[in-house]
$ cat query30.pdb   # PDB, C-alpha atoms and all ligand atoms
ATOM      1  CA  MET Z   1     114.854 120.031  95.416  1.00  0.00           C
ATOM      2  CA  ARG Z   2     113.146 121.904  92.634  1.00  0.00           C
ATOM      3  CA  LEU Z   3     109.745 121.154  91.135  1.00  0.00           C
ATOM      4  CA  ILE Z   4     109.975 119.910  87.559  1.00  0.00           C
ATOM      5  CA  THR Z   5     107.308 121.380  85.289  1.00  0.00           C
ATOM      6  CA  ASN Z   6     106.893 121.753  81.551  1.00  0.00           C
ATOM      7  CA  LEU Z   7     107.034 125.526  82.050  1.00  0.00           C
ATOM      8  CA  ASP Z   8     110.529 125.419  83.602  1.00  0.00           C
ATOM      9  CA  TYR Z   9     112.128 122.532  81.697  1.00  0.00           C
ATOM     10  CA  ASN Z  10     112.594 121.789  78.027  1.00  0.00           C
ATOM     11  CA  LYS Z  11     111.074 118.624  76.569  1.00  0.00           C
ATOM     12  CA  ALA Z  12     114.229 116.474  76.754  1.00  0.00           C
ATOM     13  CA  ASP Z  13     115.017 117.394  80.378  1.00  0.00           C
ATOM     14  CA  PHE Z  14     111.380 117.030  81.450  1.00  0.00           C
ATOM     15  CA  GLU Z  15     110.976 113.605  79.864  1.00  0.00           C
ATOM     16  CA  GLN Z  16     114.320 112.370  81.128  1.00  0.00           C
ATOM     17  CA  ARG Z  17     113.105 113.045  84.673  1.00  0.00           C
ATOM     18  CA  LEU Z  18     109.393 112.316  84.518  1.00  0.00           C
ATOM     19  CA  ARG Z  19     109.007 109.645  81.864  1.00  0.00           C
ATOM     20  CA  PHE Z  20     111.302 107.113  83.528  1.00  0.00           C
ATOM     21  CA  LYS Z  21     110.536 104.492  86.149  1.00  0.00           C
ATOM     22  CA  THR Z  22     112.051 105.309  89.537  1.00  0.00           C
ATOM     23  CA  GLU Z  23     114.234 102.897  91.529  1.00  0.00           C
ATOM     24  CA  PRO Z  24     112.806 100.878  94.427  1.00  0.00           C
ATOM     25  CA  ILE Z  25     114.485 101.437  97.765  1.00  0.00           C
ATOM     26  CA  ILE Z  26     116.081  98.535  99.671  1.00  0.00           C
ATOM     27  CA  ARG Z  27     115.143  99.680 103.157  1.00  0.00           C
ATOM     28  CA  VAL Z  28     113.891 102.793 104.901  1.00  0.00           C
ATOM     29  CA  THR Z  29     116.972 104.527 106.323  1.00  0.00           C
ATOM     30  CA  PRO Z  30     116.923 107.650 108.541  1.00  0.00           C
ATOM     31  CA  GLN Z  31     118.158 109.617 105.519  1.00  0.00           C
ATOM     32  CA  LEU Z  32     115.172 108.431 103.464  1.00  0.00           C
ATOM     33  CA  GLN Z  33     112.825 109.286 106.335  1.00  0.00           C
ATOM     34  CA  HIS Z  34     114.171 112.868 106.314  1.00  0.00           C
ATOM     35  CA  LEU Z  35     113.735 113.034 102.568  1.00  0.00           C
ATOM     36  CA  ALA Z  36     110.114 111.859 102.903  1.00  0.00           C
ATOM     37  CA  PHE Z  37     109.338 114.580 105.447  1.00  0.00           C
ATOM     38  CA  ASP Z  38     110.981 117.174 103.175  1.00  0.00           C
ATOM     39  CA  LEU Z  39     108.815 115.970 100.294  1.00  0.00           C
ATOM     40  CA  LEU Z  40     105.728 116.247 102.476  1.00  0.00           C
ATOM     41  CA  GLU Z  41     106.624 119.838 103.409  1.00  0.00           C
ATOM     42  CA  ILE Z  42     107.052 120.732  99.732  1.00  0.00           C
ATOM     43  CA  MET Z  43     103.678 119.138  98.942  1.00  0.00           C
ATOM     44  CA  TYR Z  44     101.884 121.159 101.625  1.00  0.00           C
ATOM     45  CA  SER Z  45     103.687 124.364 100.597  1.00  0.00           C
ATOM     46  CA  LEU Z  46     102.372 123.873  97.048  1.00  0.00           C
ATOM     47  CA  ASN Z  47      98.814 123.241  98.324  1.00  0.00           C
ATOM     48  CA  ALA Z  48      98.812 119.804  96.736  1.00  0.00           C
ATOM     49  CA  VAL Z  49      97.330 116.486  97.894  1.00  0.00           C
ATOM     50  CA  GLY Z  50     100.112 114.366  96.380  1.00  0.00           C
ATOM     51  CA  LEU Z  51     103.737 114.562  95.263  1.00  0.00           C
ATOM     52  CA  ALA Z  52     106.063 111.954  93.788  1.00  0.00           C
ATOM     53  CA  ALA Z  53     109.816 112.072  94.423  1.00  0.00           C
ATOM     54  CA  ASN Z  54     110.718 112.281  90.726  1.00  0.00           C
ATOM     55  CA  GLN Z  55     108.710 115.507  90.441  1.00  0.00           C
ATOM     56  CA  VAL Z  56     111.474 117.162  92.456  1.00  0.00           C
ATOM     57  CA  GLY Z  57     114.329 115.275  90.785  1.00  0.00           C
ATOM     58  CA  LEU Z  58     114.714 112.254  93.098  1.00  0.00           C
ATOM     59  CA  LYS Z  59     114.732 108.991  91.157  1.00  0.00           C
ATOM     60  CA  ILE Z  60     113.431 106.791  93.966  1.00  0.00           C
ATOM     61  CA  GLN Z  61     110.101 105.106  94.605  1.00  0.00           C
ATOM     62  CA  LEU Z  62     108.755 107.500  97.174  1.00  0.00           C
ATOM     63  CA  CYS Z  63     105.544 109.479  97.141  1.00  0.00           C
ATOM     64  CA  VAL Z  64     103.554 111.410  99.711  1.00  0.00           C
ATOM     65  CA  LEU Z  65      99.858 112.190  99.755  1.00  0.00           C
ATOM     66  CA  ASP Z  66      97.181 113.678 101.913  1.00  0.00           C
ATOM     67  CA  PRO Z  67      93.657 113.825 100.453  1.00  0.00           C
ATOM     68  CA  ALA Z  68      92.391 115.214 103.791  1.00  0.00           C
ATOM     69  CA  PHE Z  69      94.356 118.408 103.079  1.00  0.00           C
ATOM     70  CA  ILE Z  70      91.495 119.726 100.894  1.00  0.00           C
ATOM     71  CA  LEU Z  71      89.379 119.628 104.072  1.00  0.00           C
ATOM     72  CA  ASN Z  72      92.082 121.607 105.912  1.00  0.00           C
ATOM     73  CA  LYS Z  73      93.136 118.525 107.855  1.00  0.00           C
ATOM     74  CA  LYS Z  74      96.524 116.853 107.912  1.00  0.00           C
ATOM     75  CA  MET Z  75      96.557 113.064 107.603  1.00  0.00           C
ATOM     76  CA  PRO Z  76      99.790 112.469 105.683  1.00  0.00           C
ATOM     77  CA  ILE Z  77     100.616 109.152 104.030  1.00  0.00           C
ATOM     78  CA  ILE Z  78     104.226 108.373 103.119  1.00  0.00           C
ATOM     79  CA  MET Z  79     104.857 105.490 100.733  1.00  0.00           C
ATOM     80  CA  PHE Z  80     108.027 103.797  99.594  1.00  0.00           C
ATOM     81  CA  ASN Z  81     107.869 101.238  96.752  1.00  0.00           C
ATOM     82  CA  PRO Z  82     104.068 101.493  96.385  1.00  0.00           C
ATOM     83  CA  PHE Z  83     102.233  99.298  93.888  1.00  0.00           C
ATOM     84  CA  ILE Z  84      98.658  98.365  93.085  1.00  0.00           C
ATOM     85  CA  LEU Z  85      98.016  94.921  94.513  1.00  0.00           C
ATOM     86  CA  GLU Z  86      94.374  94.645  93.413  1.00  0.00           C
ATOM     87  CA  HIS Z  87      91.764  96.752  91.741  1.00  0.00           C
ATOM     88  CA  GLU Z  88      88.195  96.480  90.596  1.00  0.00           C
ATOM     89  CA  GLU Z  89      87.599  96.883  86.872  1.00  0.00           C
ATOM     90  CA  GLU Z  90      85.115  99.710  87.248  1.00  0.00           C
ATOM     91  CA  LEU Z  91      86.472 103.064  86.065  1.00  0.00           C
ATOM     92  CA  TYR Z  92      85.232 106.566  86.751  1.00  0.00           C
ATOM     93  CA  GLY Z  93      86.223 110.038  85.549  1.00  0.00           C
ATOM     94  CA  SER Z  94      88.523 111.608  88.128  1.00  0.00           C
ATOM     95  CA  PRO Z  95      89.020 115.416  87.982  1.00  0.00           C
ATOM     96  CA  GLU Z  96      92.765 115.982  88.387  1.00  0.00           C
ATOM     97  CA  GLY Z  97      95.543 118.500  88.171  1.00  0.00           C
ATOM     98  CA  CYS Z  98      99.290 117.922  88.216  1.00  0.00           C
ATOM     99  CA  LEU Z  99     102.021 120.150  89.649  1.00  0.00           C
ATOM    100  CA  SER Z 100     104.308 119.134  86.777  1.00  0.00           C
ATOM    101  CA  LEU Z 101     101.778 120.111  84.099  1.00  0.00           C
ATOM    102  CA  PRO Z 102     100.147 123.067  85.885  1.00  0.00           C
ATOM    103  CA  GLU Z 103      98.071 124.391  82.982  1.00  0.00           C
ATOM    104  CA  PHE Z 104      95.939 121.257  82.667  1.00  0.00           C
ATOM    105  CA  GLY Z 105      92.773 120.358  84.561  1.00  0.00           C
ATOM    106  CA  LEU Z 106      91.636 117.018  83.195  1.00  0.00           C
ATOM    107  CA  THR Z 107      89.163 114.245  83.792  1.00  0.00           C
ATOM    108  CA  VAL Z 108      91.151 111.022  83.904  1.00  0.00           C
ATOM    109  CA  PRO Z 109      89.848 107.420  83.887  1.00  0.00           C
ATOM    110  CA  ARG Z 110      90.780 105.755  87.187  1.00  0.00           C
ATOM    111  CA  PHE Z 111      89.830 102.622  89.060  1.00  0.00           C
ATOM    112  CA  ARG Z 112      87.219 103.342  91.671  1.00  0.00           C
ATOM    113  CA  LYS Z 113      88.578 100.771  94.119  1.00  0.00           C
ATOM    114  CA  ILE Z 114      92.175  99.751  94.585  1.00  0.00           C
ATOM    115  CA  VAL Z 115      94.397  98.043  97.129  1.00  0.00           C
ATOM    116  CA  VAL Z 116      97.962  99.362  97.398  1.00  0.00           C
ATOM    117  CA  LYS Z 117     100.927  97.757  99.119  1.00  0.00           C
ATOM    118  CA  TYR Z 118     103.908  99.857 100.237  1.00  0.00           C
ATOM    119  CA  LEU Z 119     106.635 100.337 102.832  1.00  0.00           C
ATOM    120  CA  GLY Z 120     105.740 102.949 105.399  1.00  0.00           C
ATOM    121  CA  ILE Z 121     107.965 105.497 107.140  1.00  0.00           C
ATOM    122  CA  ASP Z 122     108.432 102.785 109.803  1.00  0.00           C
ATOM    123  CA  GLY Z 123     110.013 100.497 107.196  1.00  0.00           C
ATOM    124  CA  GLN Z 124     107.183  97.971 107.540  1.00  0.00           C
ATOM    125  CA  GLU Z 125     104.847  96.674 104.849  1.00  0.00           C
ATOM    126  CA  HIS Z 126     101.408  98.251 104.826  1.00  0.00           C
ATOM    127  CA  ILE Z 127      98.255  97.808 102.797  1.00  0.00           C
ATOM    128  CA  ILE Z 128      95.832 100.621 102.100  1.00  0.00           C
ATOM    129  CA  LYS Z 129      92.377 100.265 100.565  1.00  0.00           C
ATOM    130  CA  ASP Z 130      90.585 103.255  99.166  1.00  0.00           C
ATOM    131  CA  ASP Z 131      87.751 104.558 101.234  1.00  0.00           C
ATOM    132  CA  ASN Z 132      86.959 107.499  98.992  1.00  0.00           C
ATOM    133  CA  SER Z 133      87.553 108.275  95.350  1.00  0.00           C
ATOM    134  CA  LEU Z 134      90.023 111.124  96.008  1.00  0.00           C
ATOM    135  CA  LEU Z 135      92.329 108.785  97.913  1.00  0.00           C
ATOM    136  CA  ALA Z 136      92.048 106.126  95.182  1.00  0.00           C
ATOM    137  CA  SER Z 137      92.686 108.580  92.351  1.00  0.00           C
ATOM    138  CA  THR Z 138      95.564 110.317  94.156  1.00  0.00           C
ATOM    139  CA  LEU Z 139      97.200 106.942  94.797  1.00  0.00           C
ATOM    140  CA  GLN Z 140      96.903 106.051  91.107  1.00  0.00           C
ATOM    141  CA  HIS Z 141      98.204 109.465  90.006  1.00  0.00           C
ATOM    142  CA  GLU Z 142     101.296 109.258  92.266  1.00  0.00           C
ATOM    143  CA  ILE Z 143     102.064 105.595  91.537  1.00  0.00           C
ATOM    144  CA  ASP Z 144     101.826 106.432  87.828  1.00  0.00           C
ATOM    145  CA  HIS Z 145     104.424 109.205  88.350  1.00  0.00           C
ATOM    146  CA  LEU Z 146     106.817 106.717  89.934  1.00  0.00           C
ATOM    147  CA  ASN Z 147     106.385 104.493  86.876  1.00  0.00           C
ATOM    148  CA  GLY Z 148     107.080 107.337  84.457  1.00  0.00           C
ATOM    149  CA  ILE Z 149     103.422 107.824  83.502  1.00  0.00           C
ATOM    150  CA  LEU Z 150     101.737 111.246  83.439  1.00  0.00           C
ATOM    151  CA  PHE Z 151      98.009 111.823  83.763  1.00  0.00           C
ATOM    152  CA  VAL Z 152      97.809 113.066  80.153  1.00  0.00           C
ATOM    153  CA  ASP Z 153      98.972 109.572  79.093  1.00  0.00           C
ATOM    154  CA  ARG Z 154      95.779 108.083  80.552  1.00  0.00           C
ATOM    155  CA  LEU Z 155      93.572 109.997  78.119  1.00  0.00           C
ATOM    156  CA  THR Z 156      92.473 108.464  74.824  1.00  0.00           C
ATOM    157  CA  GLU Z 157      92.836 111.877  73.180  1.00  0.00           C
ATOM    158  CA  LYS Z 158      96.454 113.057  72.990  1.00  0.00           C
ATOM    159  CA  LYS Z 159      97.195 116.392  74.704  1.00  0.00           C
ATOM    160  CA  GLU Z 160      99.715 118.794  73.205  1.00  0.00           C
ATOM    161  CA  ILE Z 161     102.232 119.900  75.839  1.00  0.00           C
ATOM    162  CA  THR Z 162     104.234 123.085  75.389  1.00  0.00           C
ATOM    163  CA  PHE Z 163     107.683 123.047  76.967  1.00  0.00           C
ATOM    164  CA  LYS Z 164     110.212 125.712  77.833  1.00  0.00           C
ATOM    165  CA  GLU Z 165     112.581 126.433  74.963  1.00  0.00           C
ATOM    166  CA  ARG Z 166     116.104 125.105  75.344  1.00  0.00           C
ATOM    167  CA  GLY Z 167     118.667 127.514  76.823  1.00  0.00           C
TER     168      GLY Z 167
HETATM  169 ZN    ZN Z 201     101.136 114.791  89.009  1.00  0.00          ZN
END
$ encode --input "query30.pdb" --output "C-alpha cells"
Amino acid sequence: MRLITNLDYNKADFEQRLRFKTEPIIRVTPQLQHLAFDLLEIMYSLNAVGLAANQVGLKIQLCVLDPAFILNKKMPIIMFNPFILEHEEELYGSPEGCLSLPEFGLTVPRFRKIVVKYLGIDGQEHIIKDDNSLLASTLQHEIDHLNGILFVDRLTEKKEITFKERG
C-alpha cells in the first residue's frame, strides 16, 4: 500500500484514485480486519490522526482515525461504511492538513456537531457523536475522502494543485 499524493502522482492517476466514491463492504471479514489494522499502522507511522483506504489505493469504504494521537494517546477508531446520520447546521473553521495534499494547511468549513453511523471492526453497527471539534472535523474529512471529496473542494475559493508530471 502506497500513499497517494499530488507530489507522487500525475493529475489523471491522482483523480482516478481520490476523486471517486469507494465501494461499501458487505460484511467485516478477517481479511478486512487485517487490512484495517494495516491502515491504522500506516496512519500512526505518518503521524496522522486520520487515513482513508483510498489514500493508499484501496477502493473500499474503510477509514481509521485517532484524534487522541495528538495528545500522545492511542484511542483508535476503525470505521467501515461510515456516513453522517445527523448534523447541526452550525459551521466552524477547522484547521486541517491532508496526507494526499501535503503542501496545504487550510481552514475548512465543517459542522461542529455530527452523528456518524458505521460498522466497527466487530462487524456490528455503531453510532458515534462528536465530543470535540477535532473528532468531528476528522470524521468529516475522512468520510469526504471515501466519497471522492478532498478538503480543498470544501473551500469557496478554488485552490490550484500542482501534480507530478506524467512519466
Ligand atoms: Zn485527507
$ residues_near_ligand --input "query30.pdb" --ligand "ligand ZN 201 (chain Z)" --cutoff "9 Å" --atoms "only C-alpha atoms and all ligand atoms" --output "MDAnalysis selection string"
chainID Z and resid 50:52 55 96:102 138 141:142 144:145 150:151
$ resolve_selection --input "query30.pdb" --expression "the PyMOL selection byres (((chain Z and resi 24-33) around 8) and not hetatm)" --output "list in words"
Thr22, Glu23, His34, Leu35, Ala36, Phe37, Ile60, Gln61, Phe80, Asn81, Leu119, Ile121, Asp122 and Gly123 of chain Z
$ resolve_selection --input "query30.pdb" --expression "the PyMOL selection byres (((chain Z and resi 39-41) around 12) and not hetatm)" --output "number ranges by chain"
Z: 1-3, 32-38, 42-58, 62-66, 69, 74-79, 121
$ closest_residue --input "query30.pdb" --among "Z:Pro82, Z:Pro67, Z:Gly105, Z:Gly120" --to "Z:Ser137" --atoms "only C-alpha atoms"
Z:Pro67
$ atom_distance --input "query30.pdb" --atom1 "atom CA of Z:Phe104" --atom2 "atom CA of Z:Glu89"
26.1 Å
$ atom_distance --input "query30.pdb" --atom1 "atom CA of Z:Asn10" --atom2 "atom CA of Z:Ile149"
17.6 Å
$ atom_distance --input "query30.pdb" --atom1 "atom CA of Z:Lys159" --atom2 "atom CA of Z:Ile4"
18.5 Å
$ closest_residue --input "query30.pdb" --among "Z:Glu90, Z:Ile84, Z:Gln16, Z:Asp131" --to "Z:Val115" --atoms "all atoms listed in the file"
Z:Ile84
$ closest_residue --input "query30.pdb" --among "Z:Glu103, Z:Leu91, Z:Val108, Z:Leu135" --to "Z:Ile161" --atoms "all atoms listed in the file"
Z:Glu103
$ closest_atom_pairs --input "query30.pdb" --of "stretch 9-111 of chain Z" --to "stretch 155-158 of chain Z" --cutoff "9 Å" --atoms "only C-alpha atoms" --output "Markdown table"
| residue | atom | partner | partner_atom | distance |
| --- | --- | --- | --- | --- |
| Z:Leu106 | CA | Z:Leu155 | CA | 8.9 |
| Z:Thr107 | CA | Z:Leu155 | CA | 8.3 |
| Z:Val108 | CA | Z:Leu155 | CA | 6.4 |
| Z:Pro109 | CA | Z:Leu155 | CA | 7.3 |
$ closest_residue --input "query30.pdb" --among "Z:Ile114, Z:Ala136, Z:Ile70, Z:Leu18" --to "Z:Gly148" --atoms "only C-alpha atoms"
Z:Leu18
$ resolve_selection --input "query30.pdb" --expression "the PyMOL selection byres (((chain Z and resi 11) around 10) and not hetatm)" --output "PyMOL selection string"
chain Z and resi 5-10+12-16+161-166
